[in-house]
file query18.cif (mmCIF, N, CA and C atoms)
data_model
loop_
_atom_site.label_atom_id
_atom_site.label_comp_id
_atom_site.auth_asym_id
_atom_site.auth_seq_id
_atom_site.Cartn_x
_atom_site.Cartn_y
_atom_site.Cartn_z
N MET A 262 87.23 87.26 131.09
CA MET A 262 86.87 88.65 130.82
C MET A 262 87.57 89.10 129.54
N ASN A 263 86.86 89.80 128.69
CA ASN A 263 87.40 90.28 127.42
C ASN A 263 88.39 91.42 127.65
N PRO A 264 89.43 91.51 126.78
CA PRO A 264 90.32 92.68 126.87
C PRO A 264 89.50 93.96 126.65
N ARG A 265 89.69 94.92 127.53
CA ARG A 265 88.87 96.13 127.48
C ARG A 265 89.57 97.26 126.73
N SER A 266 88.75 98.07 126.12
CA SER A 266 89.23 99.31 125.54
C SER A 266 89.30 100.33 126.67
N THR A 267 90.40 101.03 126.81
CA THR A 267 90.57 101.95 127.92
C THR A 267 89.99 103.33 127.64
N ILE A 268 89.83 103.67 126.37
CA ILE A 268 89.23 104.97 126.02
C ILE A 268 87.84 104.68 125.44
N GLN A 269 86.83 105.08 126.20
CA GLN A 269 85.45 104.77 125.83
C GLN A 269 84.56 105.99 126.04
N ILE A 270 83.45 105.98 125.34
CA ILE A 270 82.38 106.93 125.58
C ILE A 270 81.13 106.09 125.79
N ALA A 271 80.55 106.19 126.96
CA ALA A 271 79.36 105.41 127.32
C ALA A 271 79.56 103.92 127.05
N GLY A 272 80.77 103.43 127.32
CA GLY A 272 81.06 102.00 127.14
C GLY A 272 81.44 101.59 125.74
N HIS A 273 81.48 102.54 124.80
CA HIS A 273 81.82 102.24 123.41
C HIS A 273 83.25 102.68 123.12
N PRO A 274 84.09 101.78 122.57
CA PRO A 274 85.50 102.12 122.29
C PRO A 274 85.63 103.25 121.27
N VAL A 275 86.39 104.28 121.63
CA VAL A 275 86.59 105.43 120.75
C VAL A 275 87.34 105.01 119.48
N HIS A 276 88.33 104.14 119.62
CA HIS A 276 89.08 103.68 118.45
C HIS A 276 88.14 103.13 117.38
N ALA A 277 87.21 102.29 117.80
CA ALA A 277 86.27 101.69 116.84
C ALA A 277 85.32 102.72 116.24
N MET A 278 85.07 103.81 116.95
CA MET A 278 84.21 104.86 116.41
C MET A 278 84.90 105.66 115.32
N LEU A 279 86.22 105.81 115.42
CA LEU A 279 86.96 106.65 114.48
C LEU A 279 87.40 105.91 113.22
N VAL A 280 87.60 104.61 113.33
CA VAL A 280 88.12 103.82 112.21
C VAL A 280 87.29 103.95 110.93
N PRO A 281 85.96 103.92 110.99
CA PRO A 281 85.20 104.06 109.73
C PRO A 281 85.50 105.35 108.96
N PHE A 282 85.82 106.41 109.68
CA PHE A 282 86.16 107.67 109.01
C PHE A 282 87.50 107.55 108.29
N VAL A 283 88.46 106.89 108.92
CA VAL A 283 89.77 106.68 108.29
C VAL A 283 89.59 105.88 107.01
N VAL A 284 88.84 104.79 107.11
CA VAL A 284 88.60 103.93 105.94
C VAL A 284 87.92 104.72 104.84
N THR A 285 86.93 105.49 105.20
CA THR A 285 86.18 106.27 104.20
C THR A 285 87.06 107.31 103.52
N PHE A 286 87.83 108.07 104.29
CA PHE A 286 88.67 109.11 103.69
C PHE A 286 89.71 108.52 102.74
N TYR A 287 90.41 107.47 103.18
CA TYR A 287 91.47 106.91 102.33
C TYR A 287 90.90 106.19 101.11
N THR A 288 89.79 105.50 101.28
CA THR A 288 89.17 104.82 100.14
C THR A 288 88.63 105.84 99.14
N ALA A 289 88.02 106.89 99.65
CA ALA A 289 87.51 107.95 98.77
C ALA A 289 88.66 108.66 98.05
N ALA A 290 89.80 108.83 98.72
CA ALA A 290 90.96 109.45 98.08
C ALA A 290 91.43 108.60 96.89
N PHE A 291 91.48 107.29 97.08
CA PHE A 291 91.86 106.40 95.97
C PHE A 291 90.83 106.52 94.84
N GLY A 292 89.56 106.55 95.19
CA GLY A 292 88.52 106.72 94.18
C GLY A 292 88.66 108.05 93.44
N ALA A 293 89.00 109.10 94.18
CA ALA A 293 89.20 110.41 93.54
C ALA A 293 90.40 110.38 92.60
N ASP A 294 91.47 109.69 93.02
CA ASP A 294 92.63 109.54 92.14
C ASP A 294 92.24 108.81 90.86
N LEU A 295 91.43 107.78 90.99
CA LEU A 295 90.94 107.07 89.80
C LEU A 295 90.07 107.98 88.95
N GLY A 296 89.25 108.80 89.61
CA GLY A 296 88.42 109.76 88.89
C GLY A 296 89.26 110.75 88.10
N PHE A 297 90.35 111.22 88.69
CA PHE A 297 91.24 112.13 87.98
C PHE A 297 91.92 111.42 86.81
N ALA A 298 92.36 110.17 87.04
CA ALA A 298 93.02 109.41 85.96
C ALA A 298 92.07 109.19 84.80
N ALA A 299 90.78 109.00 85.10
CA ALA A 299 89.80 108.71 84.05
C ALA A 299 89.34 109.97 83.31
N THR A 300 89.24 111.10 84.03
CA THR A 300 88.62 112.28 83.43
C THR A 300 89.59 113.44 83.20
N GLY A 301 90.67 113.49 83.98
CA GLY A 301 91.57 114.63 83.90
C GLY A 301 91.01 115.87 84.57
N ASP A 302 89.85 115.75 85.22
CA ASP A 302 89.21 116.88 85.89
C ASP A 302 89.95 117.16 87.21
N ALA A 303 90.46 118.37 87.35
CA ALA A 303 91.26 118.75 88.51
C ALA A 303 90.48 118.64 89.83
N PHE A 304 89.15 118.69 89.75
CA PHE A 304 88.34 118.51 90.95
C PHE A 304 88.72 117.24 91.68
N TRP A 305 88.90 116.15 90.93
CA TRP A 305 89.21 114.86 91.55
C TRP A 305 90.59 114.87 92.19
N ALA A 306 91.55 115.54 91.57
CA ALA A 306 92.90 115.62 92.14
C ALA A 306 92.89 116.42 93.44
N ARG A 307 92.18 117.54 93.44
CA ARG A 307 92.07 118.34 94.67
C ARG A 307 91.34 117.56 95.75
N SER A 308 90.31 116.84 95.35
CA SER A 308 89.56 116.03 96.32
C SER A 308 90.46 114.98 96.95
N ALA A 309 91.25 114.28 96.16
CA ALA A 309 92.16 113.26 96.68
C ALA A 309 93.12 113.88 97.69
N PHE A 310 93.66 115.05 97.34
CA PHE A 310 94.61 115.73 98.23
C PHE A 310 93.97 116.01 99.60
N TRP A 311 92.77 116.58 99.59
CA TRP A 311 92.11 116.93 100.85
C TRP A 311 91.60 115.71 101.60
N LEU A 312 91.17 114.70 100.87
CA LEU A 312 90.73 113.46 101.54
C LEU A 312 91.90 112.76 102.24
N ILE A 313 93.07 112.77 101.62
CA ILE A 313 94.24 112.19 102.27
C ILE A 313 94.57 112.99 103.52
N GLY A 314 94.52 114.30 103.42
CA GLY A 314 94.77 115.14 104.60
C GLY A 314 93.79 114.86 105.73
N ALA A 315 92.51 114.75 105.39
CA ALA A 315 91.50 114.43 106.41
C ALA A 315 91.75 113.04 106.98
N GLY A 316 92.14 112.10 106.14
CA GLY A 316 92.45 110.75 106.61
C GLY A 316 93.59 110.76 107.60
N ILE A 317 94.60 111.58 107.34
CA ILE A 317 95.74 111.67 108.25
C ILE A 317 95.30 112.22 109.61
N VAL A 318 94.50 113.27 109.59
CA VAL A 318 94.05 113.88 110.85
C VAL A 318 93.25 112.87 111.68
N VAL A 319 92.31 112.19 111.06
CA VAL A 319 91.49 111.23 111.80
C VAL A 319 92.32 110.00 112.18
N SER A 320 93.29 109.63 111.33
CA SER A 320 94.18 108.52 111.67
C SER A 320 94.96 108.81 112.95
N VAL A 321 95.40 110.04 113.11
CA VAL A 321 96.13 110.40 114.33
C VAL A 321 95.24 110.21 115.55
N LEU A 322 93.99 110.61 115.44
CA LEU A 322 93.06 110.45 116.56
C LEU A 322 92.78 108.97 116.84
N ALA A 323 92.51 108.21 115.78
CA ALA A 323 92.24 106.77 115.95
C ALA A 323 93.47 106.04 116.46
N ALA A 324 94.63 106.40 115.93
CA ALA A 324 95.87 105.74 116.36
C ALA A 324 96.18 106.06 117.81
N THR A 325 95.91 107.26 118.25
CA THR A 325 96.15 107.63 119.64
C THR A 325 95.29 106.77 120.56
N ALA A 326 94.01 106.66 120.24
CA ALA A 326 93.10 105.84 121.05
C ALA A 326 93.53 104.37 121.02
N GLY A 327 93.87 103.87 119.83
CA GLY A 327 94.30 102.48 119.70
C GLY A 327 95.60 102.21 120.43
N LEU A 328 96.54 103.14 120.35
CA LEU A 328 97.83 102.95 121.01
C LEU A 328 97.67 102.96 122.53
N ILE A 329 96.82 103.83 123.03
CA ILE A 329 96.57 103.86 124.48
C ILE A 329 95.97 102.52 124.93
N ASP A 330 95.00 102.01 124.16
CA ASP A 330 94.44 100.69 124.47
C ASP A 330 95.54 99.63 124.46
N PHE A 331 96.37 99.66 123.44
CA PHE A 331 97.45 98.69 123.28
C PHE A 331 98.43 98.75 124.46
N LEU A 332 98.79 99.95 124.88
CA LEU A 332 99.77 100.10 125.95
C LEU A 332 99.21 99.83 127.34
N LEU A 333 97.95 100.17 127.55
CA LEU A 333 97.38 100.07 128.90
C LEU A 333 96.68 98.75 129.19
N GLU A 334 96.40 97.96 128.17
CA GLU A 334 95.72 96.68 128.38
C GLU A 334 96.68 95.55 128.00
N PRO A 335 97.32 94.93 129.00
CA PRO A 335 98.31 93.87 128.71
C PRO A 335 97.75 92.72 127.88
N ALA A 336 96.48 92.39 128.06
CA ALA A 336 95.88 91.27 127.31
C ALA A 336 95.88 91.55 125.82
N ILE A 337 95.79 92.80 125.42
CA ILE A 337 95.81 93.13 123.99
C ILE A 337 97.19 92.88 123.41
N ARG A 338 98.22 93.25 124.14
CA ARG A 338 99.60 93.07 123.65
C ARG A 338 99.97 91.60 123.49
N GLU A 339 99.25 90.70 124.13
CA GLU A 339 99.52 89.27 124.03
C GLU A 339 98.96 88.65 122.74
N ILE A 340 98.17 89.41 122.01
CA ILE A 340 97.52 88.90 120.80
C ILE A 340 98.37 89.27 119.58
N ARG A 341 98.77 88.27 118.82
CA ARG A 341 99.61 88.51 117.64
C ARG A 341 98.95 89.46 116.64
N ALA A 342 97.64 89.31 116.44
CA ALA A 342 96.93 90.18 115.50
C ALA A 342 97.02 91.65 115.90
N ALA A 343 97.13 91.93 117.21
CA ALA A 343 97.25 93.32 117.67
C ALA A 343 98.57 93.93 117.19
N TRP A 344 99.62 93.14 117.20
CA TRP A 344 100.92 93.62 116.72
C TRP A 344 100.88 93.87 115.21
N TRP A 345 100.29 92.96 114.47
CA TRP A 345 100.15 93.15 113.01
C TRP A 345 99.29 94.36 112.70
N HIS A 346 98.20 94.52 113.47
CA HIS A 346 97.31 95.67 113.29
C HIS A 346 98.08 96.97 113.55
N LEU A 347 98.85 97.00 114.62
CA LEU A 347 99.64 98.18 114.95
C LEU A 347 100.67 98.49 113.86
N LEU A 348 101.45 97.48 113.48
CA LEU A 348 102.49 97.70 112.47
C LEU A 348 101.90 98.09 111.12
N GLY A 349 100.81 97.45 110.73
CA GLY A 349 100.15 97.79 109.46
C GLY A 349 99.65 99.22 109.46
N ASN A 350 99.09 99.65 110.58
CA ASN A 350 98.58 101.02 110.66
C ASN A 350 99.69 102.06 110.70
N VAL A 351 100.79 101.73 111.36
CA VAL A 351 101.94 102.65 111.35
C VAL A 351 102.46 102.82 109.92
N LEU A 352 102.63 101.70 109.22
CA LEU A 352 103.10 101.75 107.83
C LEU A 352 102.13 102.54 106.95
N MET A 353 100.83 102.27 107.10
CA MET A 353 99.82 102.98 106.32
C MET A 353 99.88 104.49 106.60
N SER A 354 100.04 104.85 107.85
CA SER A 354 100.09 106.27 108.22
C SER A 354 101.33 106.95 107.64
N LEU A 355 102.46 106.28 107.72
CA LEU A 355 103.69 106.86 107.16
C LEU A 355 103.58 107.04 105.65
N ILE A 356 103.02 106.07 104.96
CA ILE A 356 102.83 106.18 103.51
C ILE A 356 101.89 107.34 103.19
N SER A 357 100.79 107.45 103.97
CA SER A 357 99.82 108.52 103.72
C SER A 357 100.43 109.89 103.95
N ILE A 358 101.20 110.02 105.01
CA ILE A 358 101.85 111.31 105.28
C ILE A 358 102.84 111.64 104.15
N GLY A 359 103.63 110.65 103.74
CA GLY A 359 104.55 110.87 102.63
C GLY A 359 103.82 111.23 101.35
N ASP A 360 102.72 110.56 101.09
CA ASP A 360 101.90 110.83 99.90
C ASP A 360 101.41 112.28 99.93
N TRP A 361 100.89 112.71 101.07
CA TRP A 361 100.35 114.06 101.18
C TRP A 361 101.46 115.10 100.99
N VAL A 362 102.62 114.86 101.61
CA VAL A 362 103.74 115.80 101.48
C VAL A 362 104.20 115.89 100.02
N LEU A 363 104.31 114.73 99.36
CA LEU A 363 104.71 114.73 97.95
C LEU A 363 103.70 115.48 97.09
N ARG A 364 102.42 115.27 97.34
CA ARG A 364 101.38 115.97 96.58
C ARG A 364 101.40 117.46 96.86
N PHE A 365 101.65 117.81 98.11
CA PHE A 365 101.74 119.23 98.47
C PHE A 365 102.84 119.90 97.67
N GLY A 366 103.97 119.22 97.55
CA GLY A 366 105.10 119.78 96.79
C GLY A 366 104.86 119.81 95.30
N ALA A 367 104.22 118.79 94.77
CA ALA A 367 104.03 118.68 93.33
C ALA A 367 102.80 119.41 92.83
N GLY A 368 101.85 119.66 93.72
CA GLY A 368 100.56 120.19 93.31
C GLY A 368 99.57 119.04 93.19
N ALA A 369 98.31 119.35 93.41
CA ALA A 369 97.28 118.31 93.47
C ALA A 369 97.20 117.48 92.19
N GLU A 370 97.21 118.15 91.04
CA GLU A 370 97.04 117.40 89.78
C GLU A 370 98.24 116.53 89.48
N GLU A 371 99.43 117.08 89.55
CA GLU A 371 100.63 116.28 89.28
C GLU A 371 100.77 115.19 90.34
N GLY A 372 100.45 115.53 91.60
CA GLY A 372 100.53 114.55 92.67
C GLY A 372 99.57 113.40 92.49
N SER A 373 98.36 113.71 92.06
CA SER A 373 97.36 112.65 91.84
C SER A 373 97.81 111.71 90.74
N HIS A 374 98.41 112.29 89.71
CA HIS A 374 98.92 111.48 88.60
C HIS A 374 100.12 110.64 89.04
N ALA A 375 101.06 111.27 89.75
CA ALA A 375 102.33 110.62 90.08
C ALA A 375 102.23 109.63 91.23
N TYR A 376 101.29 109.85 92.15
CA TYR A 376 101.29 109.06 93.38
C TYR A 376 100.03 108.21 93.55
N LEU A 377 99.38 107.91 92.46
CA LEU A 377 98.22 107.01 92.49
C LEU A 377 98.59 105.67 93.13
N SER A 378 99.80 105.19 92.87
CA SER A 378 100.23 103.91 93.43
C SER A 378 100.29 103.95 94.96
N LEU A 379 100.65 105.08 95.54
CA LEU A 379 100.67 105.20 96.99
C LEU A 379 99.25 105.12 97.55
N SER A 380 98.32 105.72 96.84
CA SER A 380 96.91 105.66 97.24
C SER A 380 96.41 104.21 97.21
N LEU A 381 96.80 103.48 96.20
CA LEU A 381 96.42 102.06 96.09
C LEU A 381 97.04 101.25 97.22
N ILE A 382 98.31 101.48 97.53
CA ILE A 382 98.97 100.76 98.62
C ILE A 382 98.24 101.01 99.94
N VAL A 383 97.83 102.24 100.18
CA VAL A 383 97.11 102.57 101.41
C VAL A 383 95.80 101.80 101.48
N VAL A 384 95.08 101.72 100.36
CA VAL A 384 93.81 100.98 100.36
C VAL A 384 94.06 99.49 100.61
N LEU A 385 95.11 98.94 100.04
CA LEU A 385 95.44 97.53 100.29
C LEU A 385 95.81 97.32 101.76
N LEU A 386 96.57 98.23 102.32
CA LEU A 386 96.89 98.14 103.75
C LEU A 386 95.65 98.30 104.62
N LEU A 387 94.73 99.14 104.19
CA LEU A 387 93.46 99.26 104.91
C LEU A 387 92.76 97.91 105.01
N GLY A 388 92.75 97.18 103.91
CA GLY A 388 92.13 95.86 103.92
C GLY A 388 92.80 94.93 104.91
N PHE A 389 94.12 94.90 104.90
CA PHE A 389 94.87 94.05 105.84
C PHE A 389 94.61 94.49 107.28
N ASN A 390 94.70 95.79 107.53
CA ASN A 390 94.51 96.31 108.88
C ASN A 390 93.08 96.06 109.38
N ALA A 391 92.12 96.17 108.49
CA ALA A 391 90.73 95.88 108.87
C ALA A 391 90.58 94.40 109.22
N TRP A 392 91.23 93.54 108.48
CA TRP A 392 91.19 92.11 108.77
C TRP A 392 91.76 91.85 110.17
N MET A 393 92.92 92.45 110.46
CA MET A 393 93.52 92.26 111.78
C MET A 393 92.65 92.87 112.88
N GLY A 394 92.04 94.00 112.60
CA GLY A 394 91.13 94.61 113.57
C GLY A 394 89.92 93.72 113.82
N ALA A 395 89.41 93.12 112.76
CA ALA A 395 88.27 92.20 112.91
C ALA A 395 88.69 90.97 113.71
N GLU A 396 89.90 90.50 113.51
CA GLU A 396 90.42 89.39 114.33
C GLU A 396 90.39 89.77 115.81
N LEU A 397 90.81 90.99 116.10
CA LEU A 397 90.83 91.44 117.49
C LEU A 397 89.42 91.49 118.09
N VAL A 398 88.48 91.99 117.33
CA VAL A 398 87.12 92.15 117.85
C VAL A 398 86.35 90.83 117.84
N PHE A 399 86.33 90.14 116.71
CA PHE A 399 85.45 88.98 116.58
C PHE A 399 86.05 87.68 117.11
N ARG A 400 87.35 87.54 117.05
CA ARG A 400 87.97 86.32 117.55
C ARG A 400 88.45 86.46 118.98
N HIS A 401 89.06 87.63 119.29
CA HIS A 401 89.63 87.82 120.62
C HIS A 401 88.77 88.70 121.51
N ARG A 402 87.69 89.23 120.94
CA ARG A 402 86.68 90.00 121.68
C ARG A 402 87.25 91.25 122.38
N VAL A 403 88.25 91.87 121.75
CA VAL A 403 88.83 93.10 122.29
C VAL A 403 87.79 94.20 122.21
N GLY A 404 87.54 94.86 123.34
CA GLY A 404 86.60 95.96 123.40
C GLY A 404 85.15 95.56 123.35
N VAL A 405 84.88 94.25 123.37
CA VAL A 405 83.48 93.77 123.34
C VAL A 405 83.00 93.62 124.78
N ALA A 406 81.82 94.14 125.06
CA ALA A 406 81.27 94.04 126.42
C ALA A 406 81.04 92.58 126.77
N ASP A 407 81.32 92.24 128.02
CA ASP A 407 81.12 90.86 128.51
C ASP A 407 79.64 90.52 128.56
#

call {"tool": "encode", "arguments": {"input": "query18.cif", "output": "structure tokens"}}
result
Amino acid sequence: MNPRSTIQIAGHPVHAMLVPFVVTFYTAAFGADLGFAATGDAFWARSAFWLIGAGIVVSVLAATAGLIDFLLEPAIREIRAAWWHLLGNVLMSLISIGDWVLRFGAGAEEGSHAYLSLSLIVVLLLGFNAWMGAELVFRHRVGVAD
């Protein structure tokens, strides 16, 4: 029997439903930072700021669902990729929160200029975390119906 997701809607894991939004918000924030770097248009800096904020909010929801699955399903905790996925997402979330706080203090334009590297690190971590998540789903069949 496959490791089950404990938080579901009509048999579909909630964690997997929320993850695409996290990926989209953080990737779009990096794109907006690049847009600001290329054009100097403050629209892109403000967009990056709000996209990071939205990514944080949805990350909290996705992380809550994922953590509950991790804690309540012993078979998930036995998978090494689950630990890497958890640690990578915690690191990504902490960096994103720090990035948003720094931008809030500096202002959107100065923050976009000064913290572009944090945005890039988050996107790189997204790639790693997605790989580990795919390992869980496609190799270990976590949350996949039998």

call {"tool": "select_by_dssp", "arguments": {"input": "query18.cif", "residues": "chain A", "states": "strand (DSSP E or B)", "output": "JSON, numbers by chain"}}
result
{"A": [269, 270, 273, 274]}

call {"tool": "closest_residue", "arguments": {"input": "query18.cif", "among": "A:Ser320, A:Glu396, A:Gly404, A:Val362", "to": "Val284 of chain A", "atoms": "only N, CA and C atoms"}}
result
A:Ser320

call {"tool": "residues_around", "arguments": {"input": "query18.cif", "residues": "segment 300-314 of chain A", "least_positions_apart": "2", "cutoff": "6.5 Å", "atoms": "only N, CA and C atoms", "output": "JSON, numbers by chain"}}
result
{"A": [286, 287, 289, 290, 291, 293, 294, 295, 296, 297, 298, 316, 317, 318, 319, 361, 369, 370, 373]}

call {"tool": "write_last_selection", "arguments": {"input": "query18.cif", "atoms": "N, CA and C atoms", "output": "PDB file, keeping the file's coordinate frame"}}
result
ATOM      1  N   PHE A 286      87.830 108.070 104.290  1.00  0.00           N
ATOM      2  CA  PHE A 286      88.670 109.110 103.690  1.00  0.00           C
ATOM      3  C   PHE A 286      89.710 108.520 102.740  1.00  0.00           C
ATOM      4  N   TYR A 287      90.410 107.470 103.180  1.00  0.00           N
ATOM      5  CA  TYR A 287      91.470 106.910 102.330  1.00  0.00           C
ATOM      6  C   TYR A 287      90.900 106.190 101.110  1.00  0.00           C
ATOM      7  N   ALA A 289      88.020 106.890  99.650  1.00  0.00           N
ATOM      8  CA  ALA A 289      87.510 107.950  98.770  1.00  0.00           C
ATOM      9  C   ALA A 289      88.660 108.660  98.050  1.00  0.00           C
ATOM     10  N   ALA A 290      89.800 108.830  98.720  1.00  0.00           N
ATOM     11  CA  ALA A 290      90.960 109.450  98.080  1.00  0.00           C
ATOM     12  C   ALA A 290      91.430 108.600  96.890  1.00  0.00           C
ATOM     13  N   PHE A 291      91.480 107.290  97.080  1.00  0.00           N
ATOM     14  CA  PHE A 291      91.860 106.400  95.970  1.00  0.00           C
ATOM     15  C   PHE A 291      90.830 106.520  94.840  1.00  0.00           C
ATOM     16  N   ALA A 293      89.000 109.100  94.180  1.00  0.00           N
ATOM     17  CA  ALA A 293      89.200 110.410  93.540  1.00  0.00           C
ATOM     18  C   ALA A 293      90.400 110.380  92.600  1.00  0.00           C
ATOM     19  N   ASP A 294      91.470 109.690  93.020  1.00  0.00           N
ATOM     20  CA  ASP A 294      92.630 109.540  92.140  1.00  0.00           C
ATOM     21  C   ASP A 294      92.240 108.810  90.860  1.00  0.00           C
ATOM     22  N   LEU A 295      91.430 107.780  90.990  1.00  0.00           N
ATOM     23  CA  LEU A 295      90.940 107.070  89.800  1.00  0.00           C
ATOM     24  C   LEU A 295      90.070 107.980  88.950  1.00  0.00           C
ATOM     25  N   GLY A 296      89.250 108.800  89.610  1.00  0.00           N
ATOM     26  CA  GLY A 296      88.420 109.760  88.890  1.00  0.00           C
ATOM     27  C   GLY A 296      89.260 110.750  88.100  1.00  0.00           C
ATOM     28  N   PHE A 297      90.350 111.220  88.690  1.00  0.00           N
ATOM     29  CA  PHE A 297      91.240 112.130  87.980  1.00  0.00           C
ATOM     30  C   PHE A 297      91.920 111.420  86.810  1.00  0.00           C
ATOM     31  N   ALA A 298      92.360 110.170  87.040  1.00  0.00           N
ATOM     32  CA  ALA A 298      93.020 109.410  85.960  1.00  0.00           C
ATOM     33  C   ALA A 298      92.070 109.190  84.800  1.00  0.00           C
ATOM     34  N   GLY A 316      92.140 112.100 106.140  1.00  0.00           N
ATOM     35  CA  GLY A 316      92.450 110.750 106.610  1.00  0.00           C
ATOM     36  C   GLY A 316      93.590 110.760 107.600  1.00  0.00           C
ATOM     37  N   ILE A 317      94.600 111.580 107.340  1.00  0.00           N
ATOM     38  CA  ILE A 317      95.740 111.670 108.250  1.00  0.00           C
ATOM     39  C   ILE A 317      95.300 112.220 109.610  1.00  0.00           C
ATOM     40  N   VAL A 318      94.500 113.270 109.590  1.00  0.00           N
ATOM     41  CA  VAL A 318      94.050 113.880 110.850  1.00  0.00           C
ATOM     42  C   VAL A 318      93.250 112.870 111.680  1.00  0.00           C
ATOM     43  N   VAL A 319      92.310 112.190 111.060  1.00  0.00           N
ATOM     44  CA  VAL A 319      91.490 111.230 111.800  1.00  0.00           C
ATOM     45  C   VAL A 319      92.320 110.000 112.180  1.00  0.00           C
ATOM     46  N   TRP A 361     100.890 112.710 101.070  1.00  0.00           N
ATOM     47  CA  TRP A 361     100.350 114.060 101.180  1.00  0.00           C
ATOM     48  C   TRP A 361     101.460 115.100 100.990  1.00  0.00           C
ATOM     49  N   ALA A 369      98.310 119.350  93.410  1.00  0.00           N
ATOM     50  CA  ALA A 369      97.280 118.310  93.470  1.00  0.00           C
ATOM     51  C   ALA A 369      97.200 117.480  92.190  1.00  0.00           C
ATOM     52  N   GLU A 370      97.210 118.150  91.040  1.00  0.00           N
ATOM     53  CA  GLU A 370      97.040 117.400  89.780  1.00  0.00           C
ATOM     54  C   GLU A 370      98.240 116.530  89.480  1.00  0.00           C
ATOM     55  N   SER A 373      98.360 113.710  92.060  1.00  0.00           N
ATOM     56  CA  SER A 373      97.360 112.650  91.840  1.00  0.00           C
ATOM     57  C   SER A 373      97.810 111.710  90.740  1.00  0.00           C
TER      58      SER A 373
END

call {"tool": "resolve_selection", "arguments": {"input": "query18.cif", "expression": "the PyMOL selection byres (((chain A and resi 336 and name CA) around 9) and name CA)", "output": "ChimeraX atom specification"}}
result
/A:263-265,331,334-335,337-340,403

call {"tool": "write_last_selection", "arguments": {"input": "query18.cif", "atoms": "N, CA and C atoms", "output": "CSV table (one decimal), in the frame of the given file"}}
result
chain,number,residue,atom,x,y,z
A,263,ASN,N,86.9,89.8,128.7
A,263,ASN,CA,87.4,90.3,127.4
A,263,ASN,C,88.4,91.4,127.6
A,264,PRO,N,89.4,91.5,126.8
A,264,PRO,CA,90.3,92.7,126.9
A,264,PRO,C,89.5,94.0,126.6
A,265,ARG,N,89.7,94.9,127.5
A,265,ARG,CA,88.9,96.1,127.5
A,265,ARG,C,89.6,97.3,126.7
A,331,PHE,N,96.4,99.7,123.4
A,331,PHE,CA,97.4,98.7,123.3
A,331,PHE,C,98.4,98.8,124.5
A,334,GLU,N,96.4,98.0,128.2
A,334,GLU,CA,95.7,96.7,128.4
A,334,GLU,C,96.7,95.6,128.0
A,335,PRO,N,97.3,94.9,129.0
A,335,PRO,CA,98.3,93.9,128.7
A,335,PRO,C,97.8,92.7,127.9
A,337,ILE,N,95.8,92.8,125.4
A,337,ILE,CA,95.8,93.1,124.0
A,337,ILE,C,97.2,92.9,123.4
A,338,ARG,N,98.2,93.2,124.1
A,338,ARG,CA,99.6,93.1,123.6
A,338,ARG,C,100.0,91.6,123.5
A,339,GLU,N,99.2,90.7,124.1
A,339,GLU,CA,99.5,89.3,124.0
A,339,GLU,C,99.0,88.6,122.7
A,340,ILE,N,98.2,89.4,122.0
A,340,ILE,CA,97.5,88.9,120.8
A,340,ILE,C,98.4,89.3,119.6
A,403,VAL,N,88.2,91.9,121.8
A,403,VAL,CA,88.8,93.1,122.3
A,403,VAL,C,87.8,94.2,122.2

call {"tool": "residues_around", "arguments": {"input": "query18.cif", "residues": "Val383 of chain A", "least_positions_apart": "6", "cutoff": "8 Å", "atoms": "only N, CA and C atoms", "output": "list in words"}}
result
Tyr287, Thr288, Leu352, Met353, Ser354, Ile356, Ser357, Leu377 and Phe389 of chain A

call {"tool": "atom_distance", "arguments": {"input": "query18.cif", "atom1": "atom CA of Ile382 of chain A", "atom2": "atom CA of Ala323 of chain A"}}
result
19.5 Å

call {"tool": "atom_distance", "arguments": {"input": "query18.cif", "atom1": "atom N of Gly372 of chain A", "atom2": "atom CA of Leu387 of chain A"}}
result
22.2 Å

call {"tool": "atom_distance", "arguments": {"input": "query18.cif", "atom1": "atom C of Ser380 of chain A", "atom2": "atom N of Phe399 of chain A"}}
result
26.1 Å

call {"tool": "closest_residue", "arguments": {"input": "query18.cif", "among": "A:Val405, A:His346, A:Gly359, A:Phe282", "to": "Trp392 of chain A", "atoms": "all atoms listed in the file"}}
result
A:His346

call {"tool": "select_by_dssp", "arguments": {"input": "query18.cif", "residues": "chain A", "states": "alpha helix (DSSP H)", "output": "PyMOL selection string"}}
result
chain A and resi 275-300+303-333+335-338+341-367+369-375+377-395

call {"tool": "resolve_selection", "arguments": {"input": "query18.cif", "expression": "the PyMOL selection byres ((chain A and resi 267) around 6.5)", "output": "list of chain:residue names"}}
result
A:Arg265, A:Ser266, A:Ile268, A:Gln269, A:Ile329, A:Asp330

call {"tool": "closest_residue", "arguments": {"input": "query18.cif", "among": "A:Ala375, A:Leu347, A:Ala342, A:Ile358", "to": "Leu328 of chain A", "atoms": "all atoms listed in the file"}}
result
A:Leu347
